[in-house]
file target.txt (compact mmCIF, C-alpha atoms)
# COMPACT_ATOMS: atom_id res chain seq x y z
CA MET A 1 0.00 0.00 0.00
CA LYS A 2 2.76 2.31 0.92
CA ASN A 3 4.65 1.49 -2.21
CA LYS A 4 1.56 2.26 -4.25
CA GLU A 5 1.20 5.66 -2.63
CA GLN A 6 4.87 6.35 -3.19
CA LYS A 7 4.51 5.43 -6.84
CA ILE A 8 1.55 7.77 -7.25
CA LEU A 9 3.52 10.56 -5.57
CA GLN A 10 6.55 9.95 -7.77
CA ASP A 11 4.37 9.89 -10.90
CA TRP A 12 2.72 13.12 -9.83
CA ILE A 13 6.12 14.76 -9.21
CA ASP A 14 7.44 13.53 -12.57
CA MET A 15 4.36 14.87 -14.34
CA LEU A 16 4.78 18.24 -12.65
CA GLN A 17 8.39 18.35 -13.75
CA GLY A 18 7.47 17.60 -17.35
CA VAL A 19 8.74 14.03 -17.52
CA VAL A 20 6.83 11.63 -19.77
CA VAL A 21 5.32 8.97 -17.53
CA ARG A 22 3.59 5.83 -18.73
CA GLY A 23 0.97 3.80 -16.89
CA ILE A 24 -0.04 6.66 -14.66
CA ASN A 25 -3.47 6.91 -13.10
CA ALA A 26 -5.68 9.15 -15.31
CA LYS A 27 -6.92 11.20 -12.38
CA THR A 28 -3.42 11.89 -11.11
CA ARG A 29 -2.28 12.76 -14.62
CA LEU A 30 -5.09 15.27 -15.01
CA GLU A 31 -4.42 16.78 -11.59
CA ALA A 32 -0.74 17.21 -12.30
CA ARG A 33 -1.31 18.55 -15.80
CA LEU A 34 -3.78 21.15 -14.59
CA LEU A 35 -1.47 22.25 -11.80
CA ARG A 36 1.51 22.50 -14.12
CA ASN A 37 -0.47 24.53 -16.63
CA ALA A 38 -1.75 26.82 -13.92
CA TRP A 39 1.77 27.30 -12.60
CA ILE A 40 3.16 28.06 -16.06
CA ALA A 41 0.35 30.57 -16.69
CA GLU A 42 1.07 32.21 -13.35
CA ASN A 43 4.77 32.35 -14.17
CA LYS A 44 4.09 33.98 -17.53
CA LYS A 45 1.89 36.56 -15.87
CA ILE A 46 4.61 37.40 -13.38
CA GLU A 47 7.40 37.34 -15.99
CA ASN A 48 5.57 40.04 -17.94
CA GLU A 49 5.88 42.33 -14.94
CA ILE A 50 9.61 41.72 -14.50
CA LEU A 51 11.93 43.93 -16.53
CA ASP A 52 14.07 42.17 -19.10
CA GLN A 53 17.08 44.35 -18.46
CA ASP A 54 17.34 46.11 -15.13
CA ASP A 55 20.51 48.20 -15.14
CA ALA A 56 19.58 50.05 -11.97
CA PHE A 57 19.51 46.73 -10.12
CA TYR A 58 23.09 45.86 -11.02
CA GLN A 59 24.31 49.42 -10.60
CA ASN A 60 23.04 49.46 -7.02
CA VAL A 61 24.52 46.05 -6.34
CA ARG A 62 27.92 47.07 -7.75
CA GLU A 63 28.00 50.28 -5.72
CA ALA A 64 27.09 48.46 -2.52
CA ILE A 65 29.68 45.75 -3.14
CA ALA A 66 32.39 48.35 -3.82
CA LYS A 67 31.48 50.07 -0.56
CA LYS A 68 31.57 46.83 1.37
CA GLU A 69 34.94 45.94 -0.14
CA ASP A 70 36.41 49.24 1.05
CA GLU A 71 35.11 48.57 4.56
CA ARG A 72 36.37 45.04 4.46
CA SER A 73 39.88 46.02 3.34
CA SER A 74 40.20 48.48 6.22
CA LYS A 75 39.09 45.87 8.72
CA TYR A 76 41.01 43.06 7.06
CA LEU A 77 44.10 43.43 9.24
CA TRP A 78 42.14 42.58 12.37
CA THR A 79 39.57 40.18 10.98
CA SER A 80 42.13 38.08 9.11
CA PHE A 81 43.64 37.01 12.42
CA PHE A 82 40.38 35.59 13.66
CA GLU A 83 39.01 34.08 10.43
CA ASN A 84 40.95 30.95 11.08
CA LYS A 85 40.14 29.33 14.42
CA PHE A 86 43.54 27.69 14.61
CA LYS A 87 45.28 31.03 14.14
CA ALA A 88 43.21 32.64 16.87
CA PHE A 89 43.93 29.75 19.22
CA LEU A 90 47.65 29.99 18.50
CA ILE A 91 47.66 33.74 19.12
CA VAL A 92 45.90 33.34 22.47
CA ILE A 93 48.28 30.58 23.58
CA LEU A 94 51.39 32.52 22.52
CA GLY A 95 50.09 35.71 24.14
CA THR A 96 49.38 33.94 27.42
CA GLY A 97 52.79 32.28 27.33
CA PHE A 98 54.52 35.59 26.72
CA VAL A 99 52.74 37.26 29.63
CA TYR A 100 53.52 34.38 31.94
CA ALA A 101 57.16 34.20 30.87
CA SER A 102 57.77 37.93 31.25
CA LYS A 103 56.20 37.87 34.69
CA LYS A 104 58.31 34.95 35.75
CA THR A 105 61.50 36.60 34.55
CA TYR A 106 60.86 39.78 36.48
CA ASP A 107 60.05 38.42 39.91
CA GLY A 108 61.15 34.85 39.63
CA VAL A 109 62.23 34.73 43.27
CA VAL A 110 58.97 36.08 44.61
CA SER A 111 56.41 34.33 42.44
CA VAL A 112 58.08 30.94 42.22
CA LYS A 113 58.52 30.47 45.91
CA ASP A 114 58.39 26.76 46.47
CA GLU A 115 61.35 26.96 48.83
CA LEU A 116 61.17 29.15 51.91
CA ASN A 117 62.96 32.44 51.47
CA HIS A 118 64.67 33.63 54.61
CA ILE A 119 66.66 36.85 54.60
CA ILE A 120 69.07 37.36 57.46
CA LEU A 121 70.87 40.47 56.23
CA ALA A 122 69.97 43.75 57.87
CA LYS A 123 68.94 46.59 55.58
CA GLU A 124 70.18 50.11 54.98
CA THR A 125 67.88 52.81 56.26
CA GLY A 126 69.37 55.88 54.51
CA ASN A 127 67.75 57.96 51.74
CA LYS A 128 70.11 57.03 48.99
CA ILE A 129 69.48 53.34 48.94
CA ILE A 130 65.72 53.67 49.08
CA GLU A 131 65.82 55.93 46.01
CA ASN A 132 67.80 53.32 44.12
CA GLU A 133 65.31 50.64 45.12
CA THR A 134 62.35 52.65 43.94
CA ASN A 135 63.89 53.37 40.56
CA ASP A 136 64.39 49.68 39.92
CA LYS A 137 60.77 48.67 40.30
CA GLY A 138 59.98 48.14 36.62
CA PHE A 139 56.63 47.71 34.93
CA TRP A 140 55.40 44.66 36.81
CA GLY A 141 56.40 46.00 40.24
CA GLU A 142 54.62 49.24 39.53
CA HIS A 143 51.29 47.89 38.28
CA PHE A 144 51.05 44.32 39.66
CA ASP A 145 51.13 43.04 43.18
CA LYS A 146 53.07 40.02 44.33
CA HIS A 147 50.41 37.53 43.26
CA GLY A 148 50.13 38.90 39.74
CA GLY A 149 46.98 40.96 40.41
CA PHE A 150 46.62 44.15 38.41
CA THR A 151 46.64 47.16 40.73
CA GLY A 152 45.67 49.64 38.01
CA PHE A 153 47.56 52.38 36.27
CA TRP A 154 45.73 54.91 38.40
CA SER A 155 46.80 53.40 41.76
CA ARG A 156 47.99 56.03 44.21
CA TYR A 157 49.65 53.54 46.48
CA ASP A 158 53.41 54.04 46.42
CA PRO A 159 55.11 53.05 49.67
CA ALA A 160 58.56 53.99 48.45
CA LYS A 161 57.44 57.53 47.69
CA ASP A 162 55.87 57.90 51.15
CA GLU A 163 58.97 56.57 52.81
CA LYS A 164 61.09 59.04 50.90
CA ILE A 165 59.09 61.98 52.22
CA LEU A 166 59.18 60.66 55.75
CA LEU A 167 62.89 60.06 55.64
CA VAL A 168 63.82 63.60 54.61
CA ASN A 169 64.62 64.61 58.18
CA VAL A 170 66.41 61.42 59.12
CA ASP A 171 70.09 62.14 59.70
CA ASP A 172 71.78 58.95 58.60
CA ASN A 173 71.87 55.18 58.88
CA LEU A 174 71.20 54.85 62.56
CA CYS A 175 69.85 51.37 62.22
CA SER A 176 71.81 49.76 59.37
CA PHE A 177 73.80 46.62 58.96
CA ASN A 178 77.01 48.67 59.06
CA ALA A 179 75.88 50.60 62.22
CA THR A 180 75.51 49.19 65.68
CA LEU A 181 71.87 48.00 65.27
CA SER A 182 70.90 49.40 68.66
CA LEU A 183 67.33 49.01 69.84
CA GLU A 184 66.86 52.70 70.64
CA ASN A 185 67.97 53.97 67.25
CA CYS A 186 65.91 51.41 65.43
CA LEU A 187 62.82 52.25 67.48
CA VAL A 188 63.17 55.96 66.59
CA LEU A 189 63.21 55.15 62.89
CA ALA A 190 60.55 52.47 63.17
CA ASN A 191 58.19 54.96 64.74
CA GLN A 192 58.77 57.22 61.74
CA TYR A 193 57.31 54.51 59.49
CA ASN A 194 60.60 53.31 58.11
CA SER A 195 59.93 49.82 56.77
CA ASN A 196 63.59 48.81 56.67
CA ALA A 197 64.11 49.82 60.31
CA ARG A 198 61.11 47.72 61.24
CA PHE A 199 62.54 44.82 59.25
CA ASN A 200 65.85 45.20 61.08
CA LEU A 201 64.02 45.18 64.42
CA GLY A 202 62.28 41.96 63.44
CA LEU A 203 65.61 40.45 62.46
CA MET A 204 67.19 41.56 65.76
CA TYR A 205 64.43 39.87 67.74
CA GLU A 206 64.52 36.78 65.58
CA LEU A 207 68.29 36.26 65.86
CA GLY A 208 68.68 37.77 69.35
CA VAL A 209 71.09 40.58 68.33
CA ASN A 210 71.43 43.14 71.12
CA VAL A 211 68.01 42.08 72.47
CA ASP A 212 66.47 39.00 74.07
CA GLN A 213 65.40 36.61 71.34
CA SER A 214 61.65 36.51 70.80
CA TYR A 215 59.92 35.08 67.75
CA MET A 216 56.65 36.76 68.71
CA GLN A 217 58.28 40.20 68.81
CA ALA A 218 60.01 39.40 65.52
CA TYR A 219 56.68 38.38 64.05
CA GLU A 220 55.09 41.67 65.15
CA TRP A 221 57.85 43.83 63.63
CA TYR A 222 57.88 41.86 60.37
CA LYS A 223 54.14 42.32 60.20
CA LYS A 224 54.45 46.06 60.67
CA SER A 225 57.20 46.24 58.06
CA SER A 226 55.30 44.21 55.52
CA ALA A 227 52.29 46.48 56.11
CA LEU A 228 54.45 49.23 54.62
CA GLY A 229 55.14 47.09 51.55
CA ASN A 230 58.43 45.46 52.49
CA GLU A 231 58.57 42.20 50.52
CA ASP A 232 61.54 40.76 52.45
CA ALA A 233 59.72 41.27 55.71
CA ARG A 234 56.77 39.41 54.29
CA SER A 235 58.89 36.48 53.19
CA ASN A 236 60.53 36.29 56.61
CA LEU A 237 57.08 36.41 58.17
CA GLU A 238 56.03 33.45 56.05
CA TYR A 239 59.22 31.69 57.00
CA LEU A 240 58.39 32.05 60.70
CA ILE A 241 54.88 30.76 60.20
CA LYS A 242 55.77 27.83 57.96
CA LYS A 243 58.63 26.75 60.19
CA GLY A 244 56.19 26.72 63.12
CA LEU A 245 58.17 29.23 65.17
CA VAL A 246 55.12 31.35 65.94
CA TYR A 247 51.58 30.20 66.66
CA MET B 248 15.97 15.92 -17.14
CA ILE B 249 18.84 14.91 -14.88
CA LYS B 250 21.21 16.90 -17.07
CA GLU B 251 18.99 19.95 -16.70
CA LYS B 252 18.90 19.59 -12.93
CA LEU B 253 22.66 19.24 -12.76
CA SER B 254 23.25 22.22 -15.00
CA LYS B 255 21.06 24.39 -12.76
CA ARG B 256 23.06 23.32 -9.74
CA ASN B 257 26.34 23.89 -11.51
CA GLN B 258 25.34 27.39 -12.55
CA ALA B 259 24.84 28.42 -8.92
CA THR B 260 28.08 26.73 -7.92
CA GLU B 261 29.92 28.59 -10.68
CA ILE B 262 28.62 31.93 -9.43
CA ILE B 263 29.62 31.20 -5.85
CA GLN B 264 33.08 30.13 -6.94
CA LEU B 265 33.57 33.37 -8.88
CA LEU B 266 32.47 35.39 -5.87
CA ARG B 267 34.91 33.51 -3.66
CA GLU B 268 37.71 34.32 -6.07
CA GLY B 269 36.75 38.01 -5.94
CA ARG B 270 35.56 38.16 -9.58
CA ASN B 271 32.37 40.01 -8.67
CA ASP B 272 31.61 41.53 -12.07
CA GLU B 273 31.80 38.20 -13.85
CA ALA B 274 29.60 36.64 -11.19
CA LEU B 275 26.96 39.35 -11.65
CA ILE B 276 26.99 38.88 -15.43
CA LEU B 277 26.36 35.15 -14.98
CA PHE B 278 23.68 35.90 -12.38
CA GLU B 279 21.77 37.75 -15.08
CA LYS B 280 22.67 35.35 -17.88
CA TYR B 281 21.44 32.26 -16.05
CA GLY B 282 18.23 34.06 -15.13
CA PHE B 283 18.65 34.04 -11.38
CA ARG B 284 17.43 37.61 -10.98
CA LYS B 285 14.18 36.91 -12.80
CA GLU B 286 13.74 33.58 -11.05
CA PHE B 287 14.22 35.04 -7.59
CA ILE B 288 12.08 38.11 -8.20
CA GLY B 289 9.34 35.86 -9.59
CA PHE B 290 9.68 33.62 -6.56
CA ALA B 291 9.17 36.60 -4.24
CA MET B 292 6.29 37.99 -6.33
CA LYS B 293 4.38 34.74 -5.94
CA ARG B 294 4.05 35.62 -2.27
CA ASN B 295 2.04 38.76 -3.11
CA ILE B 296 5.05 41.07 -3.02
CA ASN B 297 5.01 43.80 -5.65
CA TYR B 298 7.77 44.12 -8.24
CA ASP B 299 9.62 47.02 -6.60
CA ASP B 300 9.73 45.38 -3.20
CA ALA B 301 10.70 42.03 -4.70
CA SER B 302 13.48 43.70 -6.67
CA ASP B 303 14.75 45.43 -3.54
CA LEU B 304 14.60 42.16 -1.67
CA VAL B 305 16.63 40.33 -4.28
CA GLN B 306 19.08 43.23 -4.39
CA LYS B 307 19.51 42.96 -0.64
CA PHE B 308 19.89 39.21 -0.95
CA THR B 309 22.58 39.61 -3.61
CA ILE B 310 24.62 42.02 -1.51
CA ASP B 311 24.13 40.87 2.08
CA LYS B 312 23.89 37.15 1.55
CA LEU B 313 25.31 36.12 -1.78
CA TYR B 314 28.31 38.44 -1.74
CA MET B 315 28.99 38.66 1.99
CA LYS B 316 28.30 35.06 3.00
CA SER B 317 29.54 33.19 -0.03
CA ASN B 318 32.50 31.91 1.98
CA SER B 319 30.28 30.39 4.64
CA ILE B 320 28.58 27.84 2.34
CA LYS B 321 29.73 24.43 3.49
CA ASN B 322 28.76 22.28 0.53
CA ILE B 323 29.27 24.31 -2.62
CA GLU B 324 27.53 21.67 -4.76
CA PHE B 325 24.24 22.66 -3.13
CA ALA B 326 24.77 26.40 -3.57
CA ARG B 327 21.41 26.80 -5.32
CA THR B 328 19.65 25.08 -2.45
CA TRP B 329 21.39 27.41 0.00
CA MET B 330 20.28 30.39 -2.10
CA TYR B 331 16.66 29.29 -2.01
CA ARG B 332 16.73 28.59 1.70
CA VAL B 333 18.14 32.04 2.50
CA LEU B 334 15.82 33.77 0.05
CA THR B 335 12.79 31.96 1.48
CA ASN B 336 13.68 33.17 4.95
CA MET B 337 14.05 36.72 3.69
CA VAL B 338 10.72 36.56 1.85
CA ASN B 339 8.99 35.14 4.92
CA ASP B 340 10.40 37.94 7.07
CA HIS B 341 9.27 40.53 4.56
CA VAL B 342 5.75 39.11 4.38
CA ARG B 343 5.50 38.94 8.17
CA ILE B 344 6.63 42.54 8.62
CA SER B 345 4.39 43.88 5.85
CA LYS B 346 1.39 42.05 7.32
CA LYS B 347 2.13 43.57 10.72
CA ASN B 348 2.38 47.07 9.28
CA ARG B 349 -0.77 46.68 7.21
CA GLU B 350 -3.43 49.16 8.29
CA VAL B 351 -6.32 47.67 6.35
CA PRO B 352 -7.29 44.08 7.25
CA PHE B 353 -6.17 41.61 4.62
CA ASP B 354 -9.65 40.44 3.53
CA GLU B 355 -11.14 43.91 3.17
CA ASP B 356 -8.33 45.02 0.93
CA ARG B 357 -9.00 42.35 -1.66
CA ASP B 358 -10.65 43.31 -4.89
CA GLN B 359 -14.28 42.21 -4.62
CA SER B 360 -14.69 41.69 -8.35
CA GLU B 361 -12.08 38.92 -8.29
CA VAL B 362 -13.92 37.15 -5.48
CA LEU B 363 -17.15 37.31 -7.48
CA LYS B 364 -15.33 35.89 -10.47
CA ILE B 365 -14.21 32.88 -8.45
CA LEU B 366 -17.75 32.27 -7.22
CA ASP B 367 -19.14 32.42 -10.73
CA LYS B 368 -17.82 29.00 -11.76
CA LYS B 369 -19.83 28.55 -14.92
CA SER B 370 -18.21 31.48 -16.66
CA GLN B 371 -14.68 30.03 -16.55
CA THR B 372 -12.70 27.03 -17.70
CA ARG B 373 -11.33 24.31 -15.50
CA SER B 374 -7.70 25.37 -15.95
CA GLY B 375 -8.66 28.94 -15.05
CA CYS B 376 -10.34 27.64 -11.92
CA VAL B 377 -7.19 25.69 -10.94
CA GLN B 378 -5.13 28.80 -11.55
CA GLU B 379 -7.29 30.79 -9.15
CA GLN B 380 -7.31 28.01 -6.62
CA LEU B 381 -3.51 27.98 -6.80
CA ALA B 382 -3.50 31.67 -5.86
CA LYS B 383 -5.86 30.88 -2.99
CA PHE B 384 -3.69 27.99 -1.93
CA ARG B 385 -0.69 30.31 -1.79
CA GLU B 386 -2.48 32.59 0.62
CA ALA B 387 -3.86 29.84 2.82
CA GLU B 388 -0.85 27.50 2.85
CA PRO B 389 2.27 29.50 1.96
CA LYS B 390 4.75 26.86 3.12
CA ARG B 391 3.08 24.06 1.19
CA ALA B 392 2.82 26.29 -1.86
CA GLU B 393 6.56 26.87 -1.61
CA VAL B 394 7.17 23.13 -1.77
CA LEU B 395 4.96 22.94 -4.85
CA ASP B 396 7.12 25.65 -6.39
CA TYR B 397 10.27 23.72 -5.62
CA ILE B 398 8.87 20.62 -7.30
CA LEU B 399 7.81 22.62 -10.33
CA LEU B 400 11.25 24.26 -10.45
CA ASN B 401 12.66 20.77 -11.12
CA LYS B 402 14.28 20.33 -7.74
CA ASP B 403 14.71 16.75 -6.57
CA THR B 404 13.72 15.48 -3.13
CA GLU B 405 17.27 15.80 -1.81
CA GLU B 406 17.36 19.51 -2.62
CA ILE B 407 13.89 20.12 -1.21
CA ARG B 408 14.87 18.21 1.91
CA LEU B 409 17.84 20.55 2.43
CA ILE B 410 15.73 23.66 1.86
CA ILE B 411 12.93 22.81 4.24
CA GLY B 412 15.24 21.14 6.74
CA ARG B 413 13.57 17.75 7.12
CA SER B 414 14.63 14.13 6.73
CA TYR B 415 14.17 12.38 3.40
CA GLY B 416 11.13 10.38 4.55
CA ALA B 417 9.51 13.37 6.20
CA THR B 418 9.99 15.41 3.03
CA ARG B 419 8.28 12.76 0.92
CA GLU B 420 5.43 12.68 3.40
CA TYR B 421 5.19 16.47 3.35
CA MET B 422 5.10 16.49 -0.45
CA SER B 423 2.31 13.92 -0.34
CA GLN B 424 0.40 16.12 2.10
CA CYS B 425 0.87 19.10 -0.22
CA ARG B 426 -0.65 17.14 -3.07
CA LYS B 427 -3.64 16.08 -0.99
CA LYS B 428 -4.14 19.56 0.42
CA PHE B 429 -4.03 21.11 -3.02
CA ARG B 430 -6.45 18.50 -4.29
CA SER B 431 -8.96 19.57 -1.62
CA PHE B 432 -8.69 23.12 -2.99
CA THR B 433 -9.31 22.03 -6.57
CA GLU B 434 -12.30 19.82 -5.79
CA ILE B 435 -14.73 22.58 -6.79
CA CYS B 436 -13.12 22.71 -10.22
CA ASN B 437 -14.01 19.09 -10.93
CA GLU B 438 -17.60 20.08 -11.61
CA ILE B 439 -16.55 22.29 -14.51
CA GLU B 440 -16.40 20.56 -17.86
CA GLU B 441 -13.64 21.42 -20.29
call {"tool": "encode", "arguments": {"input": "target.txt", "output": "structure tokens"}}
result
Amino acid sequence: MKNKEQKILQDWIDMLQGVVVRGINAKTRLEARLLRNAWIAENKKIENEILDQDDAFYQNVREAIAKKEDERSSKYLWTSFFENKFKAFLIVILGTGFVYASKKTYDGVVSVKDELNHIILAKETGNKIIENETNDKGFWGEHFDKHGGFTGFWSRYDPAKDEKILLVNVDDNLCSFNATLSLENCLVLANQYNSNARFNLGLMYELGVNVDQSYMQAYEWYKKSSALGNEDARSNLEYLIKKGLVY
Amino acid sequence: MIKEKLSKRNQATEIIQLLREGRNDEALILFEKYGFRKEFIGFAMKRNINYDDASDLVQKFTIDKLYMKSNSIKNIEFARTWMYRVLTNMVNDHVRISKKNREVPFDEDRDQSEVLKILDKKSQTRSGCVQEQLAKFREAEPKRAEVLDYILLNKDTEEIRLIIGRSYGATREYMSQCRKKFRSFTEICNEIEE
């Protein structure tokens, strides 16, 4: 039954398409013939309305295509990169790799810190050295924090600059590695928000230089120093915690 | 017949290939030579779109779709099928928008003399009756009428399947339904003798 229906349908389609079919049902033949004739008559009617030669049509098309081509050529530089998915993927991978590599090169010690970093050298507290340190910050140090977070180009936070202003009235290295590292002198500077003096105080307490050794006191001074942006103080602080010297 | 079908397909493929190579002028010459402009405008006009609008529509199709998207056709052998599918969507959109913007209701706008002519069966021939019923069928069942057009434009089932987006079996079934539906429209013409 289904095959019969399919045959009738195929015959009907063939008749509509102008194929000569034999053995077709007379009713179906008539149906198809009438429909085909009606369709051809309709087509003729419509064709009479359509212009034989429409120059305006092609003129408009040509103008529009020329315009689009101009636009496309100007955008081509950018779009050509992303037309090919493989190219785009490669660009993204290479770009990410470059950013990661440049970051690693700059602060390799800080960011790749699998081993504990413990600094046991006291710092200079004079103006001169701090200036040198600030000049050496570089792009990443200026705009990215230790963990790679973007601090923004507009960030007003600049510990080195603040320290410089505060240290204008400081006479000299009263609390440096080449001075005596006395508690009094260091406390004077530490109270003037000198991060290096605070670091030195932490180191004195940690190692027991000229004071009674106390990891808790060392921890406090490292914390205060790192609050002013001293990276070495922070790493020593982490050292104390990870070694289990403070609780 | 098969040769004719293949040549129609190849013509569309040739145009797309020229466009891809950037030979726009040659492609446009062939577009006219192979009669695509007339064919497409006629196709749009069958949906009650006037000549100017149909011409604009085909112009838009040529620029925005044919020229801009020629690179996105996956199977270039079925370029003509792709053209019809895109054009059908554009025509459908146009009809929908124009119906929405129409101030006068569709039935009231129709010329009453034509309606009277249809009712007066004795004064016309059977083929004339079928012709009018075809116009009615287009209004009532636009999608089925489109499939009739595709059949009459010598497209095979595979091409129609790709245009309407159905499986092969479902397309055959749909074509069968079109035939039966159209037959119900032409039943009143059976009473007229040739």
call {"tool": "closest_residue", "arguments": {"input": "target.txt", "among": "A:Asn25, A:Asn185, A:Gln53, A:Asn117", "to": "chain B", "atoms": "only C-alpha atoms"}}
result
A:Gln53
call {"tool": "residues_around", "arguments": {"input": "target.txt", "residues": "stretch 195-201 of chain A", "least_positions_apart": "2", "cutoff": "7 Å", "atoms": "all atoms listed in the file", "output": "VMD selection string"}}
result
chain A and resid 122 to 125 175 186 189 to 190 193 203 to 205 221 to 222 224 to 225 228 230 233
call {"tool": "closest_residue", "arguments": {"input": "target.txt", "among": "B:Thr372, B:Ser423, B:Gln378, B:Thr328", "to": "B:Lys255", "atoms": "only C-alpha atoms"}}
result
B:Thr328
call {"tool": "residues_around", "arguments": {"input": "target.txt", "residues": "stretch 62-71 of chain A", "least_positions_apart": "4", "cutoff": "8 Å", "atoms": "all atoms listed in the file", "output": "list of chain:residue names"}}
result
A:Tyr58, A:Lys75, B:Asp272, B:Ile310, B:Tyr314
call {"tool": "axis_aligned_box", "arguments": {"input": "target.txt", "around": "stretch 176-194 of chain A", "padding_each_side": "5 Å", "output": "AutoDock Vina command-line options"}}
result
--center_x 67.2 --center_y 51.9 --center_z 64.4 --size_x 29.7 --size_y 20.6 --size_z 22.5
call {"tool": "interface_residues", "arguments": {"input": "target.txt", "of": "chain A", "to": "chain B", "cutoff": "10 Å", "atoms": "all atoms listed in the file", "output": "PyMOL selection string"}}
result
chain A and resi 5-6+8-10+12-19+28+31-47+49-54+57-58+60-66+68-69
call {"tool": "atom_distance", "arguments": {"input": "target.txt", "atom1": "atom CA of A:Asn210", "atom2": "atom CA of A:Leu181"}}
result
7.6 Å
call {"tool": "residues_around", "arguments": {"input": "target.txt", "residues": "B:Asn322", "least_positions_apart": "3", "cutoff": "12 Å", "atoms": "all atoms listed in the file", "output": "MDAnalysis selection string"}}
result
chainID B and resid 256 259:260 263:264 317:319 325:329 409
call {"tool": "atom_distance", "arguments": {"input": "target.txt", "atom1": "atom CA of B:Asp300", "atom2": "atom CA of B:Glu273"}}
result
25.5 Å
